[in-house]
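**Student:** Contents of data.cif (mmCIF, C-alpha atoms and all ligand atoms) are below:
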data_input
#
loop_
_atom_site.group_PDB
_atom_site.id
_atom_site.type_symbol
_atom_site.label_atom_id
_atom_site.label_comp_id
_atom_site.auth_asym_id
_atom_site.auth_seq_id
_atom_site.Cartn_x
_atom_site.Cartn_y
_atom_site.Cartn_z
ATOM 1 C CA MET A 1 -21.605 9.507 17.074
ATOM 2 C CA SER A 2 -20.519 9.088 13.429
ATOM 3 C CA GLU A 3 -19.007 5.760 12.378
ATOM 4 C CA ALA A 4 -15.231 5.433 12.192
ATOM 5 C CA SER A 5 -13.789 5.969 8.703
ATOM 6 C CA ILE A 6 -11.092 3.398 9.451
ATOM 7 C CA LEU A 7 -11.865 0.088 11.094
ATOM 8 C CA VAL A 8 -8.990 -1.490 12.984
ATOM 9 C CA GLU A 9 -8.888 -5.198 13.739
ATOM 10 C CA ARG A 10 -6.076 -6.569 15.864
ATOM 11 C CA ALA A 11 -5.196 -10.075 14.725
ATOM 12 C CA VAL A 12 -2.327 -12.173 16.071
ATOM 13 C CA GLY A 13 0.841 -10.502 14.747
ATOM 14 C CA TYR A 14 -0.863 -8.079 12.358
ATOM 15 C CA ARG A 15 -3.627 -5.497 12.032
ATOM 16 C CA VAL A 16 -6.336 -5.166 9.423
ATOM 17 C CA LEU A 17 -7.097 -1.543 8.504
ATOM 18 C CA THR A 18 -10.339 -1.173 6.542
ATOM 19 C CA LEU A 19 -11.230 2.036 4.705
ATOM 20 C CA ASN A 20 -14.810 2.539 5.811
ATOM 21 C CA ARG A 21 -16.770 5.091 3.777
ATOM 22 C CA PRO A 22 -18.570 2.560 1.573
ATOM 23 C CA ASP A 23 -21.294 4.991 0.429
ATOM 24 C CA ARG A 24 -18.547 6.945 -1.345
ATOM 25 C CA LEU A 25 -16.555 3.886 -2.379
ATOM 26 C CA ASN A 26 -14.180 4.740 0.489
ATOM 27 C CA ALA A 27 -13.085 8.046 -1.070
ATOM 28 C CA PHE A 28 -10.761 10.042 1.161
ATOM 29 C CA ASP A 29 -11.859 13.060 3.147
ATOM 30 C CA GLU A 30 -9.664 14.749 5.741
ATOM 31 C CA ASP A 31 -11.121 12.737 8.624
ATOM 32 C CA MET A 32 -10.345 9.451 6.912
ATOM 33 C CA HIS A 33 -6.805 10.617 6.165
ATOM 34 C CA GLY A 34 -6.320 11.531 9.830
ATOM 35 C CA GLU A 35 -7.759 8.256 11.085
ATOM 36 C CA LEU A 36 -5.694 6.173 8.677
ATOM 37 C CA MET A 37 -2.449 7.898 9.615
ATOM 38 C CA ARG A 38 -3.212 7.501 13.322
ATOM 39 C CA ALA A 39 -4.015 3.812 12.817
ATOM 40 C CA ILE A 40 -0.717 3.261 10.996
ATOM 41 C CA LEU A 41 1.299 5.122 13.655
ATOM 42 C CA ASP A 42 -0.462 3.145 16.373
ATOM 43 C CA ALA A 43 0.374 -0.148 14.638
ATOM 44 C CA GLU A 44 3.971 0.994 14.160
ATOM 45 C CA ALA A 45 4.309 1.680 17.893
ATOM 46 C CA ASP A 46 3.072 -1.821 18.816
ATOM 47 C CA PRO A 47 5.963 -4.317 18.945
ATOM 48 C CA GLU A 48 3.477 -7.183 18.580
ATOM 49 C CA CYS A 49 2.275 -5.820 15.235
ATOM 50 C CA ARG A 50 4.571 -7.087 12.465
ATOM 51 C CA ALA A 51 2.407 -6.681 9.347
ATOM 52 C CA LEU A 52 -0.539 -4.658 8.070
ATOM 53 C CA LEU A 53 -3.427 -5.598 5.836
ATOM 54 C CA LEU A 54 -5.204 -2.721 4.084
ATOM 55 C CA THR A 55 -8.606 -3.202 2.432
ATOM 56 C CA GLY A 56 -11.906 -1.445 1.825
ATOM 57 C CA ALA A 57 -15.444 -1.895 3.145
ATOM 58 C CA GLY A 58 -18.305 -2.579 0.757
ATOM 59 C CA ARG A 59 -17.984 -2.996 -2.997
ATOM 60 C CA GLY A 60 -15.034 -0.666 -3.586
ATOM 61 C CA PHE A 61 -11.462 -0.388 -2.366
ATOM 62 C CA CYS A 62 -11.054 3.393 -2.654
ATOM 63 C CA ALA A 63 -12.218 6.019 -5.167
ATOM 64 C CA GLY A 64 -9.431 8.497 -4.357
ATOM 65 C CA GLN A 65 -10.209 12.024 -3.250
ATOM 66 C CA ASP A 66 -13.806 12.645 -2.125
ATOM 67 C CA LEU A 67 -14.858 14.994 -4.890
ATOM 68 C CA SER A 68 -17.944 16.114 -2.990
ATOM 69 C CA LYS A 69 -15.482 18.055 -0.816
ATOM 70 C CA ARG A 70 -14.318 19.967 -3.876
ATOM 71 C CA MET A 71 -17.110 22.474 -4.463
ATOM 72 C CA PHE A 72 -15.655 25.355 -6.360
ATOM 73 C CA GLU A 73 -16.683 28.906 -5.594
ATOM 74 C CA PRO A 74 -16.537 31.300 -8.555
ATOM 75 C CA GLY A 75 -13.233 33.170 -8.622
ATOM 76 C CA VAL A 76 -11.546 30.878 -6.096
ATOM 77 C CA VAL A 77 -8.559 28.982 -7.484
ATOM 78 C CA PRO A 78 -8.074 25.700 -5.592
ATOM 79 C CA ASP A 79 -4.627 24.880 -4.229
ATOM 80 C CA LEU A 80 -4.264 21.128 -4.544
ATOM 81 C CA SER A 81 -0.658 21.228 -3.338
ATOM 82 C CA ARG A 82 -2.033 21.636 0.172
ATOM 83 C CA THR A 83 -3.893 18.292 0.192
ATOM 84 C CA LEU A 84 -0.982 16.513 -1.432
ATOM 85 C CA ASP A 85 1.523 18.001 1.015
ATOM 86 C CA THR A 86 -0.674 17.502 4.045
ATOM 87 C CA PHE A 87 -2.337 14.162 3.338
ATOM 88 C CA TYR A 88 -1.515 12.067 0.288
ATOM 89 C CA ASN A 89 2.253 12.482 0.149
ATOM 90 C CA PRO A 90 2.828 11.774 3.863
ATOM 91 C CA LEU A 91 0.580 8.698 3.524
ATOM 92 C CA VAL A 92 2.476 7.316 0.524
ATOM 93 C CA ARG A 93 5.827 7.992 2.224
ATOM 94 C CA LYS A 94 4.628 6.310 5.414
ATOM 95 C CA LEU A 95 3.440 3.196 3.580
ATOM 96 C CA ARG A 96 6.715 2.877 1.674
ATOM 97 C CA ASP A 97 8.923 3.563 4.704
ATOM 98 C CA LEU A 98 6.985 1.567 7.278
ATOM 99 C CA ALA A 99 9.321 -1.001 8.817
ATOM 100 C CA MET A 100 6.881 -3.864 8.320
ATOM 101 C CA PRO A 101 5.237 -5.465 5.283
ATOM 102 C CA ILE A 102 1.854 -4.227 4.054
ATOM 103 C CA VAL A 103 -0.541 -6.488 2.190
ATOM 104 C CA CYS A 104 -3.254 -4.705 0.234
ATOM 105 C CA ALA A 105 -6.481 -6.554 -0.595
ATOM 106 C CA VAL A 106 -8.104 -4.581 -3.415
ATOM 107 C CA ASN A 107 -11.675 -5.756 -2.968
ATOM 108 C CA GLY A 108 -13.267 -3.591 -5.685
ATOM 109 C CA VAL A 109 -12.612 -0.497 -7.748
ATOM 110 C CA ALA A 110 -9.400 1.399 -6.934
ATOM 111 C CA ALA A 111 -9.559 4.794 -8.631
ATOM 112 C CA GLY A 112 -7.410 7.943 -8.605
ATOM 113 C CA ALA A 113 -5.296 8.206 -5.480
ATOM 114 C CA GLY A 114 -7.031 5.015 -4.285
ATOM 115 C CA ALA A 115 -5.263 3.029 -7.011
ATOM 116 C CA ASN A 116 -1.886 4.528 -6.206
ATOM 117 C CA ILE A 117 -2.248 4.027 -2.473
ATOM 118 C CA ALA A 118 -2.838 0.345 -3.217
ATOM 119 C CA LEU A 119 0.330 0.339 -5.345
ATOM 120 C CA SER A 120 2.236 1.874 -2.418
ATOM 121 C CA CYS A 121 1.744 -1.345 -0.452
ATOM 122 C CA ASP A 122 4.202 -4.240 -0.629
ATOM 123 C CA ILE A 123 2.061 -7.140 -1.777
ATOM 124 C CA VAL A 124 -1.038 -6.186 -3.738
ATOM 125 C CA LEU A 125 -3.782 -8.775 -4.165
ATOM 126 C CA ALA A 126 -6.995 -8.032 -6.038
ATOM 127 C CA GLY A 127 -10.388 -9.677 -6.278
ATOM 128 C CA ARG A 128 -11.343 -10.715 -9.808
ATOM 129 C CA SER A 129 -14.035 -8.011 -9.935
ATOM 130 C CA ALA A 130 -11.625 -5.219 -8.945
ATOM 131 C CA LYS A 131 -10.500 -2.528 -11.383
ATOM 132 C CA PHE A 132 -7.652 -0.045 -11.338
ATOM 133 C CA ILE A 133 -8.424 3.363 -12.839
ATOM 134 C CA GLN A 134 -6.110 6.350 -13.095
ATOM 135 C CA ALA A 135 -9.292 8.424 -12.988
ATOM 136 C CA PHE A 136 -7.427 11.732 -12.682
ATOM 137 C CA ALA A 137 -7.501 12.341 -16.445
ATOM 138 C CA LYS A 138 -11.303 12.473 -16.396
ATOM 139 C CA ILE A 139 -11.310 15.424 -14.010
ATOM 140 C CA GLY A 140 -8.428 17.385 -15.540
ATOM 141 C CA LEU A 141 -5.649 16.147 -13.250
ATOM 142 C CA LEU A 142 -2.548 14.016 -13.596
ATOM 143 C CA PRO A 143 -1.850 10.908 -11.514
ATOM 144 C CA ASP A 144 -0.606 11.701 -8.024
ATOM 145 C CA SER A 145 0.093 9.759 -4.832
ATOM 146 C CA GLY A 146 3.077 8.211 -6.605
ATOM 147 C CA GLY A 147 1.199 7.169 -9.755
ATOM 148 C CA THR A 148 3.669 8.755 -12.186
ATOM 149 C CA TRP A 149 6.482 6.963 -10.331
ATOM 150 C CA TYR A 150 4.890 3.540 -9.917
ATOM 151 C CA LEU A 151 3.283 3.139 -13.328
ATOM 152 C CA PRO A 152 6.336 3.314 -15.628
ATOM 153 C CA ARG A 153 8.328 1.157 -13.223
ATOM 154 C CA LEU A 154 5.653 -1.506 -12.869
ATOM 155 C CA VAL A 155 4.138 -1.688 -16.347
ATOM 156 C CA GLY A 156 6.633 0.170 -18.570
ATOM 157 C CA PRO A 157 6.400 3.608 -20.188
ATOM 158 C CA ALA A 158 3.962 2.795 -23.011
ATOM 159 C CA ARG A 159 1.342 1.254 -20.747
ATOM 160 C CA ALA A 160 1.959 3.916 -18.111
ATOM 161 C CA ARG A 161 1.144 6.634 -20.622
ATOM 162 C CA GLY A 162 -1.972 4.839 -21.819
ATOM 163 C CA LEU A 163 -3.260 4.330 -18.289
ATOM 164 C CA ALA A 164 -2.440 7.858 -17.179
ATOM 165 C CA MET A 165 -3.769 9.645 -20.256
ATOM 166 C CA LEU A 166 -6.827 7.548 -21.104
ATOM 167 C CA ALA A 167 -8.047 6.671 -17.592
ATOM 168 C CA GLU A 168 -9.370 3.379 -18.934
ATOM 169 C CA PRO A 169 -10.166 0.787 -16.277
ATOM 170 C CA LEU A 170 -7.626 -2.011 -15.987
ATOM 171 C CA THR A 171 -9.154 -5.281 -14.851
ATOM 172 C CA ALA A 172 -7.551 -7.179 -11.989
ATOM 173 C CA GLU A 173 -6.547 -9.924 -14.423
ATOM 174 C CA GLN A 174 -4.855 -7.411 -16.748
ATOM 175 C CA ALA A 175 -3.202 -5.783 -13.737
ATOM 176 C CA GLU A 176 -1.696 -9.127 -12.771
ATOM 177 C CA ALA A 177 -0.684 -9.947 -16.353
ATOM 178 C CA TRP A 178 1.005 -6.539 -16.700
ATOM 179 C CA GLY A 179 2.912 -6.877 -13.438
ATOM 180 C CA LEU A 180 1.038 -4.070 -11.677
ATOM 181 C CA ILE A 181 0.024 -6.336 -8.804
ATOM 182 C CA TRP A 182 1.144 -9.606 -7.229
ATOM 183 C CA LYS A 183 -1.938 -11.780 -7.722
ATOM 184 C CA VAL A 184 -5.597 -11.862 -8.698
ATOM 185 C CA LEU A 185 -7.951 -14.115 -6.758
ATOM 186 C CA ASP A 186 -11.600 -15.015 -6.880
ATOM 187 C CA ASP A 187 -13.503 -12.405 -4.877
ATOM 188 C CA ALA A 188 -14.607 -14.993 -2.324
ATOM 189 C CA ALA A 189 -10.997 -16.112 -1.756
ATOM 190 C CA LEU A 190 -9.432 -12.639 -1.525
ATOM 191 C CA MET A 191 -9.626 -11.929 2.195
ATOM 192 C CA ASP A 192 -8.661 -15.437 3.281
ATOM 193 C CA GLU A 193 -5.533 -15.274 1.163
ATOM 194 C CA ALA A 194 -4.752 -11.711 2.281
ATOM 195 C CA ARG A 195 -5.065 -12.745 5.927
ATOM 196 C CA ARG A 196 -2.971 -15.857 5.333
ATOM 197 C CA LEU A 197 -0.217 -13.754 3.799
ATOM 198 C CA ALA A 198 -0.335 -11.077 6.517
ATOM 199 C CA ALA A 199 -0.242 -13.764 9.222
ATOM 200 C CA HIS A 200 2.669 -15.477 7.482
ATOM 201 C CA LEU A 201 4.634 -12.232 7.049
ATOM 202 C CA ALA A 202 4.040 -11.444 10.730
ATOM 203 C CA THR A 203 6.042 -14.560 11.624
ATOM 204 C CA GLN A 204 8.968 -13.676 9.360
ATOM 205 C CA PRO A 205 12.152 -11.696 10.203
ATOM 206 C CA THR A 206 10.538 -8.242 10.307
ATOM 207 C CA ILE A 207 13.786 -6.295 10.171
ATOM 208 C CA ARG A 208 14.911 -8.241 7.108
ATOM 209 C CA LEU A 209 11.589 -7.396 5.443
ATOM 210 C CA ALA A 210 11.947 -3.705 6.308
ATOM 211 C CA LEU A 211 15.487 -3.677 4.923
ATOM 212 C CA THR A 212 14.237 -5.419 1.758
ATOM 213 C CA LYS A 213 11.691 -2.612 1.245
ATOM 214 C CA LYS A 214 14.456 -0.059 1.671
ATOM 215 C CA ALA A 215 16.802 -1.804 -0.772
ATOM 216 C CA LEU A 216 14.174 -2.267 -3.480
ATOM 217 C CA ASP A 217 13.056 1.360 -3.309
ATOM 218 C CA ALA A 218 16.645 2.605 -3.408
ATOM 219 C CA ALA A 219 17.331 0.385 -6.435
ATOM 220 C CA GLU A 220 14.965 2.535 -8.490
ATOM 221 C CA THR A 221 17.553 5.307 -8.643
ATOM 222 C CA ASN A 222 20.841 3.665 -7.630
ATOM 223 C CA THR A 223 23.579 2.515 -9.971
ATOM 224 C CA LEU A 224 24.522 -1.173 -9.624
ATOM 225 C CA ASP A 225 27.664 -0.045 -7.839
ATOM 226 C CA ALA A 226 25.737 1.998 -5.297
ATOM 227 C CA GLN A 227 23.213 -0.784 -4.867
ATOM 228 C CA LEU A 228 25.948 -3.347 -4.147
ATOM 229 C CA ASP A 229 27.263 -1.068 -1.401
ATOM 230 C CA LEU A 230 23.771 -0.612 -0.009
ATOM 231 C CA GLU A 231 23.145 -4.392 -0.029
ATOM 232 C CA ARG A 232 26.413 -4.855 1.866
ATOM 233 C CA ASP A 233 25.363 -2.337 4.533
ATOM 234 C CA LEU A 234 21.813 -3.631 4.890
ATOM 235 C CA GLN A 235 22.948 -7.262 4.892
ATOM 236 C CA ALA A 236 25.395 -6.413 7.674
ATOM 237 C CA GLU A 237 22.453 -4.988 9.621
ATOM 238 C CA ALA A 238 20.299 -8.065 8.938
ATOM 239 C CA GLY A 239 23.207 -10.294 9.949
ATOM 240 C CA ARG A 240 23.314 -8.652 13.378
ATOM 241 C CA THR A 241 19.698 -9.580 14.189
ATOM 242 C CA PRO A 242 18.846 -12.617 16.317
ATOM 243 C CA ASP A 243 16.575 -13.733 13.464
ATOM 244 C CA TYR A 244 19.590 -14.404 11.249
ATOM 245 C CA ALA A 245 21.179 -16.625 13.898
ATOM 246 C CA GLU A 246 17.844 -18.347 14.430
ATOM 247 C CA GLY A 247 17.352 -18.903 10.683
ATOM 248 C CA VAL A 248 20.761 -20.530 10.289
ATOM 249 C CA GLN A 249 20.405 -22.653 13.427
ATOM 250 C CA ALA A 250 16.942 -23.780 12.364
ATOM 251 C CA PHE A 251 18.247 -24.744 8.928
ATOM 252 C CA LEU A 252 21.131 -26.716 10.358
ATOM 253 C CA GLY A 253 18.918 -28.295 12.990
ATOM 254 C CA LYS A 254 16.358 -29.244 10.327
ATOM 255 C CA ARG A 255 13.558 -27.574 12.295
ATOM 256 C CA PRO A 256 11.191 -24.656 11.562
ATOM 257 C CA ALA A 257 12.595 -21.258 12.534
ATOM 258 C CA THR A 258 10.910 -19.069 15.145
ATOM 259 C CA PHE A 259 11.591 -15.455 14.243
ATOM 260 C CA THR A 260 10.960 -12.663 16.746
ATOM 261 C CA GLY A 261 11.375 -9.691 14.438
ATOM 262 C CA ARG A 262 13.421 -7.987 17.170
ATOM 263 C CA ARG A 263 16.874 -6.378 17.075
HETATM 264 O O1 LIG B 1 -8.340 17.183 -4.790
HETATM 265 C C1 LIG B 1 -7.238 16.960 -4.325
HETATM 266 O O2 LIG B 1 -6.997 17.082 -3.119
HETATM 267 C C2 LIG B 1 -6.139 16.434 -5.208
HETATM 268 C C3 LIG B 1 -5.981 14.988 -5.028
HETATM 269 C C4 LIG B 1 -6.546 14.146 -5.876
HETATM 270 C C5 LIG B 1 -6.495 12.698 -5.686
HETATM 271 C C6 LIG B 1 -7.532 11.953 -6.465
HETATM 272 O O3 LIG B 1 -7.823 10.848 -6.108
HETATM 273 S S1 LIG B 1 -8.260 12.700 -7.811
HETATM 274 C C7 LIG B 1 -9.348 11.415 -8.425
HETATM 275 C C8 LIG B 1 -10.646 11.403 -7.668
HETATM 276 N N1 LIG B 1 -11.417 10.240 -7.966
HETATM 277 C C9 LIG B 1 -12.131 10.084 -9.090
HETATM 278 O O4 LIG B 1 -12.116 10.904 -9.980
HETATM 279 C C10 LIG B 1 -13.021 8.845 -9.181
HETATM 280 C C11 LIG B 1 -14.480 9.244 -9.177
HETATM 281 N N2 LIG B 1 -15.321 8.081 -9.186
HETATM 282 C C12 LIG B 1 -15.583 7.372 -10.291
HETATM 283 O O5 LIG B 1 -15.073 7.661 -11.367
HETATM 284 C C13 LIG B 1 -16.527 6.228 -10.154
HETATM 285 O O6 LIG B 1 -17.275 6.393 -8.984
HETATM 286 C C14 LIG B 1 -15.807 4.865 -10.096
HETATM 287 C C15 LIG B 1 -15.241 4.533 -11.476
HETATM 288 C C16 LIG B 1 -14.704 4.850 -9.041
HETATM 289 C C17 LIG B 1 -16.841 3.751 -9.725
HETATM 290 O O7 LIG B 1 -17.939 3.841 -10.590
HETATM 291 P P1 LIG B 1 -19.276 3.059 -10.224
HETATM 292 O O8 LIG B 1 -20.208 3.242 -11.382
HETATM 293 O O9 LIG B 1 -18.952 1.676 -9.822
HETATM 294 O O10 LIG B 1 -19.859 3.776 -8.911
HETATM 295 P P2 LIG B 1 -20.577 5.197 -8.809
HETATM 296 O O11 LIG B 1 -22.045 5.050 -8.971
HETATM 297 O O12 LIG B 1 -19.900 6.191 -9.682
HETATM 298 O O13 LIG B 1 -20.218 5.597 -7.296
HETATM 299 C C18 LIG B 1 -20.967 5.070 -6.200
HETATM 300 C C19 LIG B 1 -21.178 6.199 -5.217
HETATM 301 O O14 LIG B 1 -19.898 6.637 -4.748
HETATM 302 C C20 LIG B 1 -21.821 7.411 -5.888
HETATM 303 O O15 LIG B 1 -22.596 8.071 -4.896
HETATM 304 P P3 LIG B 1 -24.233 8.021 -5.011
HETATM 305 O O16 LIG B 1 -24.589 8.536 -6.354
HETATM 306 O O17 LIG B 1 -24.564 6.568 -4.839
HETATM 307 O O18 LIG B 1 -24.667 8.881 -3.872
HETATM 308 C C21 LIG B 1 -20.637 8.273 -6.202
HETATM 309 O O19 LIG B 1 -20.939 9.646 -6.299
HETATM 310 C C22 LIG B 1 -19.751 8.020 -5.009
HETATM 311 N N3 LIG B 1 -18.332 8.281 -5.339
HETATM 312 C C23 LIG B 1 -17.548 7.532 -6.124
HETATM 313 N N4 LIG B 1 -16.335 8.098 -6.197
HETATM 314 C C24 LIG B 1 -16.387 9.219 -5.461
HETATM 315 C C25 LIG B 1 -17.665 9.346 -4.918
HETATM 316 N N5 LIG B 1 -18.014 10.377 -4.146
HETATM 317 C C26 LIG B 1 -17.083 11.312 -3.924
HETATM 318 N N6 LIG B 1 -15.819 11.264 -4.399
HETATM 319 C C27 LIG B 1 -15.446 10.236 -5.177
HETATM 320 N N7 LIG B 1 -14.178 10.187 -5.616
#
Produce structure tokens that represent the structure in this file.

**Tutor:**
Amino acid sequence: MSEASILVERAVGYRVLTLNRPDRLNAFDEDMHGELMRAILDAEADPECRALLLTGAGRGFCAGQDLSKRMFEPGVVPDLSRTLDTFYNPLVRKLRDLAMPIVCAVNGVAAGAGANIALSCDIVLAGRSAKFIQAFAKIGLLPDSGGTWYLPRLVGPARARGLAMLAEPLTAEQAEAWGLIWKVLDDAALMDEARRLAAHLATQPTIRLALTKKALDAAETNTLDAQLDLERDLQAEAGRTPDYAEGVQAFLGKRPATFTGRR
């Protein structure tokens, strides 16, 4: 039997999903896409799972599309919209919409769609040896999997254009300095910190975190006026959760809060 392309570890409160095609720097083929989506849906259906941690096996995080699956026959024009529609776009949408926080531990090179899938997560950590490469330009493509949306918002239009057009590797330290990611860590410290964060987030008010994701994404296109209305509606929803009552009572009682993440 062939080895799983996604390894799933169930930790207390969260799951670790590891991209597991290390010989190809965890590049995506259709099987890995299918396994990853199933693993995410499975985690979503588990009320005990309140955070995800995504990382890669071996020396890379993910090298994007497996190009060995792109052998061109003479006269055949490839239709890349199919893979984007079927695999990458649903994955990016799922990561953004998932009602729980996702920590990404970029343990090595993140190239092409691999870089943008990392950027689709909520808290992106990277090992000092990791690199982010919008490798698309080198093979005649433009950034996909949300790259043209994330880059200008995270690093500004000038740097976005440079990254997208030149495909130069961005070191983890530059990525942190430019605001592309949350934090760079020594390689040896990466997974401990990623696990610590995932475990911490799994004890937090999960609905509040999901609503925070929603509000921040909506802010990208909303006017201030529309965003104020949205904050009102989402805050009303957060205020109806038992975690809000618990947070206030814990504060007043000068004790640590115990959040359930439930409605
Ligand atoms: O097609 C569609 O459906 C549209 C969607 C597109 C989404 C995309 O992601 S397009 C972008 C695809 N990705 C790339 O263009 C990146 C290609 N890889 C690289 O440029 C380099 O491998 C890296 C810069 C990521 C890392 O370089 P390095 O020197 O550290 O490693 P390496 O020696 O190049 O790679 C190690 C092995 O992984 C090697 O195999 P080998 O020679 O040991 O048998 C290499 O072929 C393999 N590998 C790396 N990336 C891919 C890959 N195999 C298949 N597909 C890859 N993307």

**Student:** Using all atoms listed in the file, what does the table of chain A residues within 9 Å of ligand LIG 1 (chain B) look like, with each row giving the shortest atom pair and its distance in Å to one decimal, sorted by chain and ascending number, as JSON lines?

**Tutor:**
{"residue": "A:Pro22", "atom": "CA", "partner": "B:LIG1", "partner_atom": "O14", "distance": 7.6}
{"residue": "A:Asp23", "atom": "CA", "partner": "B:LIG1", "partner_atom": "O14", "distance": 5.6}
{"residue": "A:Arg24", "atom": "CA", "partner": "B:LIG1", "partner_atom": "O14", "distance": 3.7}
{"residue": "A:Leu25", "atom": "CA", "partner": "B:LIG1", "partner_atom": "O14", "distance": 4.9}
{"residue": "A:Asn26", "atom": "CA", "partner": "B:LIG1", "partner_atom": "C24", "distance": 7.8}
{"residue": "A:Ala27", "atom": "CA", "partner": "B:LIG1", "partner_atom": "N7", "distance": 5.1}
{"residue": "A:Phe28", "atom": "CA", "partner": "B:LIG1", "partner_atom": "N7", "distance": 7.6}
{"residue": "A:Asp29", "atom": "CA", "partner": "B:LIG1", "partner_atom": "N6", "distance": 8.7}
{"residue": "A:Arg59", "atom": "CA", "partner": "B:LIG1", "partner_atom": "O9", "distance": 8.3}
{"residue": "A:Gly60", "atom": "CA", "partner": "B:LIG1", "partner_atom": "O9", "distance": 7.7}
{"residue": "A:Cys62", "atom": "CA", "partner": "B:LIG1", "partner_atom": "C16", "distance": 7.5}
{"residue": "A:Ala63", "atom": "CA", "partner": "B:LIG1", "partner_atom": "N7", "distance": 4.6}
{"residue": "A:Gly64", "atom": "CA", "partner": "B:LIG1", "partner_atom": "O3", "distance": 3.3}
{"residue": "A:Gln65", "atom": "CA", "partner": "B:LIG1", "partner_atom": "O3", "distance": 3.9}
{"residue": "A:Asp66", "atom": "CA", "partner": "B:LIG1", "partner_atom": "N6", "distance": 3.3}
{"residue": "A:Leu67", "atom": "CA", "partner": "B:LIG1", "partner_atom": "N6", "distance": 3.9}
{"residue": "A:Ser68", "atom": "CA", "partner": "B:LIG1", "partner_atom": "C26", "distance": 5.0}
{"residue": "A:Lys69", "atom": "CA", "partner": "B:LIG1", "partner_atom": "C26", "distance": 7.6}
{"residue": "A:Arg70", "atom": "CA", "partner": "B:LIG1", "partner_atom": "O1", "distance": 6.7}
{"residue": "A:Pro78", "atom": "CA", "partner": "B:LIG1", "partner_atom": "O1", "distance": 8.6}
{"residue": "A:Asp79", "atom": "CA", "partner": "B:LIG1", "partner_atom": "O2", "distance": 8.2}
{"residue": "A:Leu80", "atom": "CA", "partner": "B:LIG1", "partner_atom": "O2", "distance": 5.1}
{"residue": "A:Ser81", "atom": "CA", "partner": "B:LIG1", "partner_atom": "C2", "distance": 7.5}
{"residue": "A:Arg82", "atom": "CA", "partner": "B:LIG1", "partner_atom": "O2", "distance": 7.5}
{"residue": "A:Thr83", "atom": "CA", "partner": "B:LIG1", "partner_atom": "O2", "distance": 4.7}
{"residue": "A:Leu84", "atom": "CA", "partner": "B:LIG1", "partner_atom": "O2", "distance": 6.3}
{"residue": "A:Phe87", "atom": "CA", "partner": "B:LIG1", "partner_atom": "O2", "distance": 8.5}
{"residue": "A:Tyr88", "atom": "CA", "partner": "B:LIG1", "partner_atom": "C3", "distance": 7.5}
{"residue": "A:Gly108", "atom": "CA", "partner": "B:LIG1", "partner_atom": "O9", "distance": 8.8}
{"residue": "A:Val109", "atom": "CA", "partner": "B:LIG1", "partner_atom": "C16", "distance": 5.9}
{"residue": "A:Ala110", "atom": "CA", "partner": "B:LIG1", "partner_atom": "C16", "distance": 6.7}
{"residue": "A:Ala111", "atom": "CA", "partner": "B:LIG1", "partner_atom": "C16", "distance": 5.2}
{"residue": "A:Gly112", "atom": "CA", "partner": "B:LIG1", "partner_atom": "O3", "distance": 3.9}
{"residue": "A:Ala113", "atom": "CA", "partner": "B:LIG1", "partner_atom": "O3", "distance": 3.7}
{"residue": "A:Gly114", "atom": "CA", "partner": "B:LIG1", "partner_atom": "O3", "distance": 6.2}
{"residue": "A:Ala115", "atom": "CA", "partner": "B:LIG1", "partner_atom": "O3", "distance": 8.3}
{"residue": "A:Asn116", "atom": "CA", "partner": "B:LIG1", "partner_atom": "O3", "distance": 8.7}
{"residue": "A:Lys131", "atom": "CA", "partner": "B:LIG1", "partner_atom": "C15", "distance": 8.5}
{"residue": "A:Phe132", "atom": "CA", "partner": "B:LIG1", "partner_atom": "C15", "distance": 8.9}
{"residue": "A:Ile133", "atom": "CA", "partner": "B:LIG1", "partner_atom": "C15", "distance": 7.0}
{"residue": "A:Gln134", "atom": "CA", "partner": "B:LIG1", "partner_atom": "C7", "distance": 7.6}
{"residue": "A:Ala135", "atom": "CA", "partner": "B:LIG1", "partner_atom": "O4", "distance": 4.8}
{"residue": "A:Phe136", "atom": "CA", "partner": "B:LIG1", "partner_atom": "C7", "distance": 4.7}
{"residue": "A:Ala137", "atom": "CA", "partner": "B:LIG1", "partner_atom": "O4", "distance": 8.1}
{"residue": "A:Lys138", "atom": "CA", "partner": "B:LIG1", "partner_atom": "O4", "distance": 6.7}
{"residue": "A:Ile139", "atom": "CA", "partner": "B:LIG1", "partner_atom": "O4", "distance": 6.1}
{"residue": "A:Leu141", "atom": "CA", "partner": "B:LIG1", "partner_atom": "S1", "distance": 6.9}
{"residue": "A:Leu142", "atom": "CA", "partner": "B:LIG1", "partner_atom": "S1", "distance": 8.2}
{"residue": "A:Pro143", "atom": "CA", "partner": "B:LIG1", "partner_atom": "S1", "distance": 7.6}
{"residue": "A:Asp144", "atom": "CA", "partner": "B:LIG1", "partner_atom": "C5", "distance": 6.4}
{"residue": "A:Ser145", "atom": "CA", "partner": "B:LIG1", "partner_atom": "C5", "distance": 7.3}
{"residue": "A:Pro169", "atom": "CA", "partner": "B:LIG1", "partner_atom": "C15", "distance": 7.9}

**Student:** Restricting the calculation to only C-alpha atoms: of A:Gly247, A:Ala226, A:Gln174, A:Val124, which residue gets closest to Thr55 (chain A)?

**Tutor:** A:Val124

**Student:** Do you have the CA of Arg232 (chain A)-CA of Leu216 (chain A) distance handy?

**Tutor:**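 Distance reported for this atom pair: 13.6 Å.
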
**Student:** Considering all atoms listed in the file, can you say which of A:Thr171, A:Asn20, A:Asn89, A:Gln204 comes closest to Phe259 (chain A)?

**Tutor:**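 Distance minimum relative to Phe259 (chain A) lands on A:Gln204.
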
**Student:** Evaluate the PyMOL selection byres (((chain A and resi 47) around 10) and not hetatm) against this structure - the residues, as a ChimeraX atom specification, please.

**Tutor:** /A:13,43-46,48-50,260-262
